[in-house]
>>> print(open('target.txt').read())   # compact mmCIF, C-alpha atoms
# COMPACT_ATOMS: atom_id res chain seq x y z
CA MET A 2 -62.71 -115.20 -110.92
CA SER A 3 -61.73 -116.67 -107.58
CA VAL A 4 -63.97 -115.96 -104.62
CA ALA A 5 -62.36 -114.85 -101.36
CA PRO A 6 -62.99 -117.36 -98.57
CA THR A 7 -65.33 -116.50 -95.74
CA GLY A 8 -66.40 -118.07 -92.46
CA ALA A 9 -64.76 -121.37 -91.55
CA ALA A 10 -62.92 -121.44 -94.89
CA LEU A 11 -61.31 -118.09 -94.07
CA ASP A 12 -60.27 -119.40 -90.64
CA ALA A 13 -58.63 -122.38 -92.34
CA ALA A 14 -56.86 -120.12 -94.84
CA VAL A 15 -55.56 -117.88 -92.06
CA LEU A 16 -54.21 -120.89 -90.17
CA GLU A 17 -52.50 -122.24 -93.28
CA SER A 18 -50.85 -118.90 -94.03
CA ASP A 19 -49.84 -118.36 -90.40
CA HIS A 20 -48.28 -121.79 -89.97
CA ALA A 21 -46.39 -121.43 -93.24
CA SER A 22 -44.82 -118.06 -92.51
CA VAL A 23 -44.96 -117.06 -88.81
CA PHE A 24 -42.35 -118.29 -86.33
CA HIS A 25 -44.20 -118.54 -83.00
CA SER A 26 -42.76 -117.73 -79.58
CA TRP A 27 -42.33 -120.41 -76.90
CA SER A 28 -43.36 -123.09 -79.39
CA ALA A 29 -42.09 -126.12 -81.25
CA GLN A 30 -42.90 -125.01 -84.76
CA ALA A 31 -44.45 -128.35 -85.75
CA HIS A 32 -47.11 -127.86 -83.05
CA LEU A 33 -48.73 -124.48 -83.54
CA PRO A 34 -52.03 -122.92 -82.42
CA SER A 35 -55.34 -123.57 -84.15
CA PHE A 36 -57.20 -120.61 -82.64
CA VAL A 37 -58.02 -117.85 -85.14
CA VAL A 38 -59.27 -114.51 -83.81
CA ALA A 39 -61.19 -112.27 -86.18
CA GLY A 40 -62.38 -109.68 -83.66
CA GLY A 41 -63.24 -108.87 -80.08
CA GLU A 42 -65.23 -106.57 -77.83
CA ARG A 43 -64.94 -106.13 -74.06
CA CYS A 44 -64.44 -109.71 -72.78
CA THR A 45 -65.52 -111.61 -75.90
CA LEU A 46 -63.57 -112.92 -78.90
CA TRP A 47 -64.80 -114.49 -82.13
CA ASP A 48 -63.49 -116.12 -85.29
CA HIS A 49 -64.53 -115.67 -88.91
CA ALA A 50 -67.01 -118.53 -88.65
CA GLY A 51 -68.85 -116.73 -85.86
CA ASN A 52 -67.77 -118.89 -82.94
CA ARG A 53 -67.56 -116.81 -79.77
CA TRP A 54 -65.53 -117.20 -76.57
CA LEU A 55 -65.49 -115.49 -73.20
CA ASP A 56 -61.87 -114.52 -72.57
CA PHE A 57 -60.61 -115.61 -69.15
CA SER A 58 -56.97 -115.09 -70.16
CA SER A 59 -56.86 -111.40 -71.12
CA GLN A 60 -54.54 -112.79 -73.82
CA LEU A 61 -51.27 -112.67 -71.83
CA VAL A 62 -52.94 -111.06 -68.81
CA ASN A 63 -52.70 -107.66 -70.44
CA VAL A 64 -56.08 -106.67 -71.92
CA ASN A 65 -57.23 -105.06 -68.67
CA ILE A 66 -59.61 -102.57 -70.28
CA GLY A 67 -61.11 -105.19 -72.60
CA TYR A 68 -61.10 -105.35 -76.38
CA GLN A 69 -61.76 -102.36 -78.63
CA HIS A 70 -62.69 -99.83 -75.98
CA PRO A 71 -64.00 -96.95 -78.13
CA ARG A 72 -62.29 -94.19 -76.13
CA VAL A 73 -58.87 -95.80 -76.53
CA VAL A 74 -59.40 -96.62 -80.20
CA THR A 75 -60.52 -93.03 -80.86
CA ALA A 76 -57.49 -91.61 -79.03
CA ILE A 77 -55.13 -93.69 -81.17
CA LYS A 78 -56.86 -92.53 -84.36
CA GLU A 79 -56.74 -88.89 -83.31
CA GLN A 80 -53.05 -89.14 -82.44
CA ALA A 81 -52.37 -90.81 -85.80
CA ASP A 82 -53.95 -87.82 -87.53
CA LEU A 83 -51.81 -85.45 -85.46
CA LEU A 84 -48.41 -87.19 -85.36
CA THR A 85 -47.72 -90.88 -85.87
CA THR A 86 -44.13 -91.06 -84.60
CA ILE A 87 -41.33 -88.93 -83.20
CA SER A 88 -37.88 -89.52 -81.74
CA PRO A 89 -37.58 -89.91 -77.95
CA ALA A 90 -34.96 -87.13 -78.03
CA THR A 91 -37.77 -84.62 -78.62
CA ALA A 92 -40.30 -83.21 -76.18
CA ASN A 93 -43.82 -84.34 -77.01
CA ALA A 94 -47.05 -83.27 -75.34
CA THR A 95 -48.72 -86.69 -75.41
CA ARG A 96 -45.65 -88.38 -73.91
CA ALA A 97 -45.45 -85.83 -71.09
CA LYS A 98 -49.17 -86.22 -70.42
CA ALA A 99 -48.88 -90.01 -70.24
CA ALA A 100 -45.98 -89.77 -67.80
CA LYS A 101 -47.87 -87.41 -65.52
CA LYS A 102 -50.95 -89.64 -65.50
CA ILE A 103 -48.86 -92.67 -64.50
CA LEU A 104 -47.06 -90.69 -61.79
CA ARG A 105 -50.42 -89.59 -60.44
CA GLN A 106 -51.14 -93.20 -59.43
CA LEU A 107 -47.77 -93.69 -57.70
CA PRO A 108 -46.42 -92.55 -54.31
CA ASP A 109 -45.05 -89.02 -54.15
CA SER A 110 -41.48 -90.35 -54.02
CA PHE A 111 -41.63 -91.11 -57.76
CA GLN A 112 -40.51 -88.35 -60.09
CA LYS A 113 -40.04 -89.56 -63.67
CA ILE A 114 -41.01 -92.24 -66.19
CA PHE A 115 -38.63 -93.93 -68.63
CA PHE A 116 -40.74 -95.37 -71.42
CA THR A 117 -39.93 -98.69 -73.09
CA ASN A 118 -41.66 -100.91 -75.63
CA ALA A 119 -42.72 -103.69 -73.26
CA GLY A 120 -42.19 -105.26 -69.85
CA ALA A 121 -38.98 -107.12 -70.66
CA ASP A 122 -37.05 -104.01 -71.67
CA ALA A 123 -38.58 -102.19 -68.70
CA ASN A 124 -36.94 -104.73 -66.39
CA GLU A 125 -33.77 -104.60 -68.46
CA ASN A 126 -33.47 -100.85 -67.96
CA ALA A 127 -34.45 -100.95 -64.29
CA ILE A 128 -31.59 -103.38 -63.71
CA ARG A 129 -29.28 -101.04 -65.62
CA MET A 130 -30.37 -98.08 -63.49
CA ALA A 131 -29.84 -99.98 -60.25
CA ARG A 132 -26.36 -101.10 -61.27
CA LEU A 133 -25.32 -97.61 -62.31
CA PHE A 134 -26.89 -96.00 -59.23
CA THR A 135 -25.21 -98.36 -56.74
CA GLY A 136 -22.00 -99.17 -58.59
CA ARG A 137 -22.74 -102.83 -57.86
CA ASP A 138 -23.44 -105.76 -60.15
CA LYS A 139 -25.58 -108.58 -58.74
CA VAL A 140 -29.36 -108.82 -58.94
CA VAL A 141 -31.35 -111.03 -56.56
CA SER A 142 -34.64 -112.39 -57.88
CA ARG A 143 -36.85 -115.41 -57.24
CA TYR A 144 -36.98 -118.85 -58.76
CA ARG A 145 -40.75 -118.59 -59.12
CA SER A 146 -40.79 -115.57 -61.40
CA TYR A 147 -40.89 -114.30 -64.95
CA HIS A 148 -39.39 -110.94 -65.91
CA GLY A 149 -39.25 -111.05 -69.73
CA ASN A 150 -37.27 -112.46 -72.63
CA THR A 151 -34.34 -110.07 -73.04
CA GLY A 152 -30.78 -110.56 -71.77
CA ALA A 153 -30.85 -109.57 -68.11
CA ALA A 154 -34.62 -109.96 -67.76
CA ILE A 155 -34.60 -113.62 -68.76
CA ALA A 156 -31.58 -114.29 -66.55
CA ALA A 157 -33.48 -112.74 -63.65
CA THR A 158 -36.42 -115.01 -64.44
CA GLY A 159 -36.55 -118.10 -62.26
CA ASP A 160 -38.50 -120.62 -64.31
CA TRP A 161 -37.31 -123.03 -67.04
CA ARG A 162 -37.09 -120.30 -69.68
CA ARG A 163 -34.00 -118.93 -67.95
CA ILE A 164 -31.89 -122.04 -68.40
CA PRO A 165 -31.30 -122.00 -72.20
CA ASN A 166 -30.87 -118.19 -72.11
CA GLU A 167 -28.34 -117.52 -69.35
CA TYR A 168 -26.09 -115.07 -71.17
CA SER A 169 -26.24 -112.24 -68.64
CA ARG A 170 -24.00 -111.97 -65.61
CA GLY A 171 -24.53 -111.38 -61.92
CA HIS A 172 -27.87 -113.04 -61.19
CA VAL A 173 -28.73 -114.77 -57.91
CA HIS A 174 -32.01 -116.57 -57.17
CA VAL A 175 -33.88 -117.24 -53.95
CA PHE A 176 -37.16 -118.87 -52.96
CA GLY A 177 -40.00 -116.56 -52.05
CA PRO A 178 -43.00 -117.31 -49.86
CA TYR A 179 -45.43 -119.89 -51.27
CA GLU A 180 -47.34 -121.35 -48.37
CA TYR A 181 -49.07 -124.13 -50.31
CA ARG A 182 -45.71 -125.59 -51.38
CA SER A 183 -43.47 -124.14 -48.71
CA GLU A 184 -39.73 -124.50 -49.12
CA PHE A 185 -39.37 -123.61 -45.44
CA TRP A 186 -41.51 -126.27 -43.67
CA ALA A 187 -43.79 -123.45 -42.55
CA GLU A 188 -47.07 -124.19 -40.83
CA SER A 189 -48.56 -120.69 -40.99
CA PRO A 190 -48.36 -117.54 -43.12
CA GLU A 191 -46.35 -115.91 -40.33
CA GLN A 192 -43.74 -118.67 -40.37
CA GLU A 193 -43.59 -118.64 -44.17
CA CYS A 194 -42.99 -114.89 -44.15
CA GLU A 195 -40.35 -114.96 -41.43
CA ARG A 196 -38.42 -117.86 -42.93
CA ALA A 197 -38.55 -116.54 -46.49
CA LEU A 198 -37.15 -113.22 -45.29
CA GLN A 199 -34.42 -114.98 -43.32
CA HIS A 200 -33.53 -117.02 -46.43
CA LEU A 201 -33.34 -113.84 -48.52
CA GLU A 202 -31.15 -112.01 -46.03
CA ARG A 203 -28.79 -114.93 -45.54
CA THR A 204 -28.40 -115.24 -49.31
CA ILE A 205 -27.53 -111.54 -49.50
CA GLN A 206 -25.02 -111.91 -46.67
CA CYS A 207 -23.39 -114.93 -48.31
CA GLU A 208 -23.22 -113.26 -51.73
CA GLY A 209 -21.75 -110.10 -50.17
CA PRO A 210 -24.15 -107.18 -49.64
CA GLU A 211 -21.64 -104.77 -51.15
CA SER A 212 -21.93 -106.66 -54.46
CA ILE A 213 -25.72 -106.53 -54.78
CA ALA A 214 -27.32 -103.74 -56.79
CA ALA A 215 -30.97 -104.74 -56.68
CA ILE A 216 -33.66 -107.04 -55.41
CA LEU A 217 -36.08 -107.58 -58.31
CA LEU A 218 -39.45 -109.11 -57.44
CA GLU A 219 -42.81 -109.47 -59.09
CA THR A 220 -45.06 -107.94 -56.45
CA ILE A 221 -47.34 -110.92 -57.04
CA PRO A 222 -45.67 -113.62 -59.14
CA GLY A 223 -48.02 -114.08 -62.08
CA THR A 224 -47.11 -116.81 -64.54
CA ALA A 225 -45.47 -118.66 -61.64
CA GLY A 226 -48.85 -119.08 -59.98
CA VAL A 227 -50.46 -115.83 -58.73
CA ILE A 228 -48.63 -116.22 -55.42
CA VAL A 229 -49.90 -113.44 -53.18
CA PRO A 230 -47.23 -112.63 -50.58
CA PRO A 231 -48.16 -113.03 -46.91
CA PRO A 232 -48.65 -109.90 -44.80
CA GLY A 233 -45.35 -108.31 -43.90
CA TYR A 234 -43.21 -109.99 -46.54
CA LEU A 235 -42.73 -107.07 -48.91
CA ALA A 236 -42.26 -104.65 -46.03
CA GLY A 237 -39.60 -107.04 -44.75
CA VAL A 238 -37.88 -107.07 -48.13
CA ARG A 239 -37.91 -103.27 -48.10
CA ALA A 240 -36.22 -103.28 -44.69
CA ILE A 241 -33.53 -105.69 -45.90
CA ALA A 242 -32.88 -103.59 -49.00
CA ASP A 243 -32.53 -100.47 -46.85
CA ARG A 244 -30.22 -102.24 -44.41
CA TYR A 245 -27.72 -103.07 -47.16
CA GLY A 246 -28.18 -100.12 -49.52
CA ILE A 247 -29.86 -102.23 -52.20
CA VAL A 248 -32.33 -100.88 -54.77
CA LEU A 249 -35.78 -102.49 -54.56
CA ILE A 250 -37.42 -103.02 -57.96
CA LEU A 251 -41.02 -104.22 -58.03
CA ASP A 252 -42.15 -105.74 -61.31
CA GLU A 253 -45.78 -104.73 -61.84
CA VAL A 254 -45.85 -105.66 -65.52
CA MET A 255 -48.64 -108.20 -65.00
CA SER A 256 -50.09 -107.08 -61.68
CA GLY A 257 -50.28 -103.33 -62.30
CA PHE A 258 -53.09 -101.05 -63.49
CA GLY A 259 -56.13 -102.68 -61.93
CA ARG A 260 -55.36 -106.38 -62.23
CA THR A 261 -55.33 -106.92 -58.45
CA GLY A 262 -58.20 -104.55 -57.70
CA SER A 263 -55.72 -101.75 -56.94
CA TRP A 264 -53.81 -99.46 -59.28
CA PHE A 265 -50.63 -101.28 -58.27
CA ALA A 266 -50.36 -104.52 -56.33
CA PHE A 267 -47.89 -103.01 -53.86
CA ASP A 268 -50.57 -100.51 -52.78
CA ASP A 269 -51.95 -103.26 -50.53
CA HIS A 270 -48.63 -104.33 -48.99
CA ASP A 271 -47.23 -101.40 -47.01
CA VAL A 272 -44.16 -100.98 -49.22
CA ILE A 273 -42.76 -98.29 -51.51
CA PRO A 274 -40.13 -99.51 -53.98
CA ASP A 275 -37.33 -97.50 -55.60
CA LEU A 276 -38.23 -98.50 -59.14
CA VAL A 277 -41.46 -99.90 -60.59
CA THR A 278 -41.60 -101.64 -63.96
CA PHE A 279 -44.86 -101.74 -65.89
CA ALA A 280 -46.39 -102.57 -69.29
CA LYS A 281 -49.43 -104.72 -70.22
CA GLY A 282 -52.36 -103.06 -68.42
CA VAL A 283 -51.04 -99.50 -68.79
CA ASN A 284 -52.82 -99.41 -72.15
CA SER A 285 -53.97 -103.03 -72.49
CA GLY A 286 -51.49 -103.66 -75.29
CA TYR A 287 -53.46 -101.61 -77.82
CA VAL A 288 -50.07 -100.23 -78.88
CA PRO A 289 -46.92 -101.80 -77.34
CA ALA A 290 -45.67 -99.82 -74.33
CA GLY A 291 -43.91 -100.29 -71.02
CA GLY A 292 -41.73 -98.32 -68.69
CA VAL A 293 -39.85 -97.74 -65.48
CA ALA A 294 -41.19 -95.44 -62.80
CA ILE A 295 -38.17 -93.84 -61.13
CA SER A 296 -37.97 -92.48 -57.60
CA ALA A 297 -36.55 -88.99 -57.19
CA ARG A 298 -33.35 -90.14 -55.49
CA ILE A 299 -32.45 -92.38 -58.43
CA ALA A 300 -33.63 -89.94 -61.09
CA ARG A 301 -31.40 -87.21 -59.60
CA ALA A 302 -28.34 -89.43 -60.02
CA PHE A 303 -28.65 -88.92 -63.77
CA ASP A 304 -29.10 -85.15 -63.74
CA GLU A 305 -25.50 -84.61 -64.85
CA ARG A 306 -24.60 -88.20 -65.71
CA VAL A 307 -25.70 -89.68 -69.01
CA PHE A 308 -28.01 -92.65 -68.70
CA PRO A 309 -26.61 -95.14 -71.24
CA GLY A 310 -29.90 -96.59 -72.39
CA GLY A 311 -32.55 -95.79 -74.94
CA LEU A 312 -34.99 -97.17 -77.50
CA THR A 313 -36.02 -95.86 -80.90
CA TYR A 314 -39.69 -96.09 -79.99
CA SER A 315 -39.49 -94.99 -76.37
CA GLY A 316 -42.59 -92.94 -75.67
CA HIS A 317 -44.09 -93.60 -79.11
CA PRO A 318 -46.96 -91.12 -79.63
CA LEU A 319 -49.57 -93.75 -80.53
CA ALA A 320 -48.70 -95.78 -77.43
CA MET A 321 -48.76 -92.64 -75.29
CA ALA A 322 -52.19 -91.65 -76.58
CA ALA A 323 -53.43 -95.14 -75.73
CA ILE A 324 -52.02 -94.79 -72.20
CA VAL A 325 -53.69 -91.41 -71.63
CA ALA A 326 -57.06 -92.67 -72.84
CA THR A 327 -56.77 -95.95 -70.92
CA LEU A 328 -55.96 -94.32 -67.58
CA ASP A 329 -58.65 -91.66 -68.01
CA THR A 330 -61.21 -94.32 -68.88
CA MET A 331 -60.21 -96.57 -65.99
CA ARG A 332 -60.77 -93.70 -63.56
CA ASP A 333 -63.99 -92.44 -65.16
CA GLU A 334 -65.56 -95.89 -65.45
CA ARG A 335 -64.20 -97.12 -62.09
CA ILE A 336 -62.64 -100.15 -63.74
CA VAL A 337 -60.14 -100.76 -60.93
CA GLU A 338 -62.99 -100.73 -58.44
CA ASN A 339 -64.91 -103.16 -60.65
CA ALA A 340 -61.98 -105.58 -60.61
CA ALA A 341 -61.85 -105.42 -56.82
CA LEU A 342 -65.60 -105.94 -56.47
CA VAL A 343 -65.86 -108.86 -58.91
CA GLY A 344 -62.90 -110.52 -57.23
CA LYS A 345 -64.34 -110.14 -53.76
CA GLN A 346 -67.99 -110.89 -54.47
CA VAL A 347 -67.87 -113.37 -57.36
CA ILE A 348 -64.50 -114.97 -58.14
CA GLY A 349 -63.20 -115.44 -54.60
CA PRO A 350 -66.37 -117.07 -53.19
CA ALA A 351 -66.87 -119.30 -56.26
CA LEU A 352 -63.30 -120.58 -56.12
CA ALA A 353 -63.47 -121.15 -52.37
CA GLU A 354 -66.57 -123.27 -52.91
CA LEU A 355 -64.84 -125.21 -55.71
CA ALA A 356 -61.80 -125.85 -53.50
CA GLU A 357 -64.06 -127.23 -50.81
CA SER A 358 -66.05 -129.52 -53.08
CA ASN A 359 -63.65 -130.74 -55.77
CA ARG A 360 -61.00 -133.36 -54.93
CA LEU A 361 -58.65 -132.11 -57.66
CA VAL A 362 -58.44 -128.52 -56.40
CA GLY A 363 -55.47 -128.28 -54.07
CA ASP A 364 -55.41 -124.52 -53.61
CA VAL A 365 -57.04 -121.32 -54.84
CA ARG A 366 -55.53 -117.90 -54.33
CA GLY A 367 -55.67 -114.42 -55.68
CA THR A 368 -57.17 -110.94 -55.54
CA GLY A 369 -59.12 -108.70 -57.91
CA VAL A 370 -59.22 -110.43 -61.30
CA PHE A 371 -55.90 -112.20 -60.67
CA TRP A 372 -56.47 -115.78 -59.41
CA ALA A 373 -55.12 -119.29 -59.78
CA ILE A 374 -56.62 -122.73 -59.26
CA GLU A 375 -53.89 -125.25 -58.47
CA LEU A 376 -54.87 -128.76 -59.52
CA VAL A 377 -53.51 -131.92 -57.91
CA GLU A 378 -53.96 -135.67 -58.23
CA ASP A 379 -54.97 -135.78 -54.58
CA LYS A 380 -54.99 -133.25 -51.80
CA GLY A 381 -52.85 -135.30 -49.47
CA SER A 382 -49.76 -135.69 -51.65
CA LYS A 383 -50.29 -132.41 -53.54
CA ALA A 384 -48.86 -134.17 -56.61
CA PRO A 385 -49.50 -131.86 -59.57
CA LEU A 386 -52.17 -132.92 -62.03
CA PRO A 387 -50.33 -134.42 -65.03
CA ALA A 388 -49.81 -132.45 -68.23
CA ALA A 389 -52.08 -134.75 -70.26
CA GLN A 390 -55.03 -133.99 -67.99
CA MET A 391 -54.26 -130.27 -68.04
CA ALA A 392 -54.30 -130.40 -71.84
CA GLU A 393 -57.71 -132.11 -71.72
CA ILE A 394 -59.01 -129.44 -69.35
CA LYS A 395 -57.79 -126.72 -71.69
CA GLN A 396 -59.51 -128.34 -74.67
CA GLN A 397 -62.75 -128.83 -72.74
CA LEU A 398 -62.83 -125.21 -71.55
CA PHE A 399 -62.18 -123.94 -75.06
CA SER A 400 -64.83 -126.19 -76.62
CA ARG A 401 -67.40 -124.78 -74.17
CA GLY A 402 -66.71 -121.19 -75.09
CA LEU A 403 -63.99 -120.12 -72.65
CA VAL A 404 -60.46 -118.97 -73.48
CA PRO A 405 -58.36 -120.22 -70.55
CA PHE A 406 -54.92 -119.32 -69.26
CA ILE A 407 -53.22 -122.60 -68.36
CA SER A 408 -49.76 -122.71 -66.76
CA ASP A 409 -48.28 -125.99 -65.50
CA ASN A 410 -50.92 -127.57 -63.24
CA ARG A 411 -52.93 -124.37 -62.81
CA ILE A 412 -55.87 -122.59 -64.37
CA HIS A 413 -55.37 -118.86 -64.00
CA ILE A 414 -58.60 -116.90 -63.68
CA VAL A 415 -57.58 -113.59 -65.27
CA PRO A 416 -60.44 -111.99 -67.26
CA PRO A 417 -60.27 -108.33 -68.28
CA CYS A 418 -60.81 -105.87 -65.43
CA VAL A 419 -64.06 -104.78 -67.10
CA VAL A 420 -65.61 -108.24 -66.67
CA SER A 421 -69.12 -108.07 -65.27
CA ALA A 422 -70.41 -110.17 -62.39
CA VAL A 423 -72.64 -112.03 -64.87
CA GLU A 424 -69.73 -112.78 -67.22
CA ALA A 425 -67.48 -113.84 -64.35
CA SER A 426 -70.16 -116.18 -63.00
CA ALA A 427 -70.72 -117.69 -66.45
CA GLY A 428 -67.02 -118.34 -66.95
CA LEU A 429 -66.58 -119.81 -63.49
CA SER A 430 -69.54 -122.12 -64.10
CA ILE A 431 -67.78 -123.50 -67.17
CA VAL A 432 -64.60 -124.04 -65.14
CA ALA A 433 -66.52 -125.76 -62.36
CA ASP A 434 -68.41 -128.02 -64.78
CA VAL A 435 -65.22 -129.18 -66.48
CA LEU A 436 -63.35 -129.82 -63.22
CA ASN A 437 -66.31 -131.55 -61.59
CA GLU A 438 -66.74 -133.88 -64.56
CA LEU A 439 -63.06 -134.73 -64.45
CA ALA A 440 -63.13 -135.33 -60.70
CA GLU A 441 -66.14 -137.64 -61.02
CA ALA A 442 -64.83 -139.61 -64.00
CA PRO A 443 -63.64 -143.19 -63.32
CA ALA A 444 -59.91 -143.42 -62.66
>>> encode(input="target.txt", output="structure tokens")
Amino acid sequence: MSVAPTGAALDAAVLESDHASVFHSWSAQAHLPSFVVAGGERCTLWDHAGNRWLDFSSQLVNVNIGYQHPRVVTAIKEQADLLTTISPATANATRAKAAKKILRQLPDSFQKIFFTNAGADANENAIRMARLFTGRDKVVSRYRSYHGNTGAAIAATGDWRRIPNEYSRGHVHVFGPYEYRSEFWAESPEQECERALQHLERTIQCEGPESIAAILLETIPGTAGVIVPPPGYLAGVRAIADRYGIVLILDEVMSGFGRTGSWFAFDDHDVIPDLVTFAKGVNSGYVPAGGVAISARIARAFDERVFPGGLTYSGHPLAMAAIVATLDTMRDERIVENAALVGKQVIGPALAELAESNRLVGDVRGTGVFWAIELVEDKGSKAPLPAAQMAEIKQQLFSRGLVPFISDNRIHIVPPCVVSAVEASAGLSIVADVLNELAEAPA
């Protein structure tokens, strides 16, 4: 009789099976991951051999409530006993409850929620709504952005992933504010804001305002570098959109539901969009879910007009139960407030100190539990730290018990919103040790 493998042997067996049969996203299939996860709790992951890691990635910046929160797990089980699935053409109590709980966290101008399966199809349907509402075609978005890997969403994306996937029409890109690497020769946040807004408006004027349906922006660009907009920028975008009758869509897929220390990132920027897209943190990915929050003026446009969009699993009961439990728990346990406090008292000060002391740290920026460390060869040239050194940093962090989120020449500091001050300090100490050793090593 064969004996089932355990421990490290089971990890090896899982890897062998995975690599033989799973086609991985964003990967060359000859170079696949070697990280096996057997389980997790709060901010910690482990493999079958018992190795443990503190998660500073939240996977894909989505596990805001942490792993295996018992209230969310229980809610999913109870919903499974009641009703596992139902068509979106029906009325369902759990779906309605989830929508109302999301609307409760939004400005009063929002009226309805269109549920999707993830963030990409949320952006896809927000673009569709804006085009139908305005009767226009073009969508303006930023080069430093990521909006998902479906047709219009990937075309709206600004980074390299757009280029082999440009099958959708009508997309225009602009540069947004990014003071550390300004495209506008700015010498202050005020200049960066003013010039980025002028660039946006001139692009709209040159493209023809009457042709533009929407401006689609990540409130805080996430994968592109956690680029917090300067004061006044988003309010300025709102004014431009109003001036030309353009729908403003804010993508809160990564930044929403506590990540920035607020329920939504735009709460801190004196702006109210027309549409908000969300996913990830709304239920921490326990069951796939996303959606579009729709303002009343756009929702009313479809009172007598059919909206030509839908998904088989829109408002799936298990996902809706996870949303209800997640939002209730976040309020009851003050998880959003925890993210704000840890960011202000622990992460922000530690990163500021690291930026001051380490020659490789060009810039640190962020809010809540949403931060980035930008690494450079030297602070004068701002030349990005090469990929080989970033790979070494990633390996060193992992070997010391930290799951990092690495993007280009940056380490993103994005633990779950439930991270404690002690856990945050421990993780930041690992980051500082690795970067300090690298900075002190002989050239």
>>> residues_around(input="target.txt", residues="stretch 229-243 of chain A", least_positions_apart="4", cutoff="9 Å", atoms="only C-alpha atoms", output="JSON, numbers by chain")
{"A": [177, 178, 179, 180, 190, 191, 193, 194, 195, 197, 198, 201, 202, 215, 216, 220, 221, 222, 247, 248, 249, 267, 270, 271, 272, 273, 274, 366, 367, 368]}
>>> residues_around(input="target.txt", residues="stretch 285-292 of chain A", least_positions_apart="2", cutoff="6 Å", atoms="all atoms listed in the file", output="list in words")
Asn63, Val64, Asn65, Phe115, Phe116, Thr117, Asn118, Ala119, Gly120, Ala123, Thr278, Phe279, Ala280, Lys281, Gly282, Val283 and Ala320 of chain A
>>> atom_distance(input="target.txt", atom1="atom CA of A:Gln106", atom2="atom CA of A:Pro417")
19.8 Å
>>> atom_distance(input="target.txt", atom1="atom CA of A:Ala121", atom2="atom CA of A:Asn150")
5.9 Å
>>> atom_distance(input="target.txt", atom1="atom CA of A:Arg145", atom2="atom CA of A:Gly428")
27.4 Å
>>> closest_residue(input="target.txt", among="A:Arg244, A:Arg260, A:Arg301, A:Arg72", to="A:Asn339", atoms="only C-alpha atoms")
A:Arg260
>>> closest_residue(input="target.txt", among="A:Phe265, A:Lys139, A:Tyr181, A:Gly257", to="A:Pro210", atoms="all atoms listed in the file")
A:Lys139
>>> closest_residue(input="target.txt", among="A:Ile114, A:Ala392, A:Leu217, A:Leu84", to="A:Ile128", atoms="only C-alpha atoms")
A:Leu217
>>> closest_residue(input="target.txt", among="A:Gly171, A:Gly259, A:Pro443, A:Gly136", to="A:Thr330", atoms="all atoms listed in the file")
A:Gly259
>>> axis_aligned_box(input="target.txt", around="stretch 261-273 of chain A", padding_each_side="4 Å", output="AutoDock Vina command-line options")
--center_x -50.5 --center_y -102.6 --center_z -53.1 --size_x 23.4 --size_y 16.6 --size_z 20.3
>>> residues_around(input="target.txt", residues="A:His172", least_positions_apart="2", cutoff="8 Å", atoms="all atoms listed in the file", output="ChimeraX atom specification")
/A:139-142,156-157,169-170,174
>>> residues_around(input="target.txt", residues="stretch 29-35 of chain A", least_positions_apart="2", cutoff="9 Å", atoms="all atoms listed in the file", output="ChimeraX atom specification")
/A:13,16,20,24-27,37
>>> residues_around(input="target.txt", residues="A:Ala50", least_positions_apart="5", cutoff="9 Å", atoms="all atoms listed in the file", output="list in words")
Thr7, Gly8, Ala9, Ala10, Leu11, Asp12 and Ala39 of chain A
>>> closest_residue(input="target.txt", among="A:Arg43, A:Arg332, A:Lys102, A:Arg360", to="A:Glu441", atoms="only C-alpha atoms")
A:Arg360
>>> closest_residue(input="target.txt", among="A:Leu355, A:Val4, A:Ala100, A:Met321", to="A:Asn284", atoms="all atoms listed in the file")
A:Met321
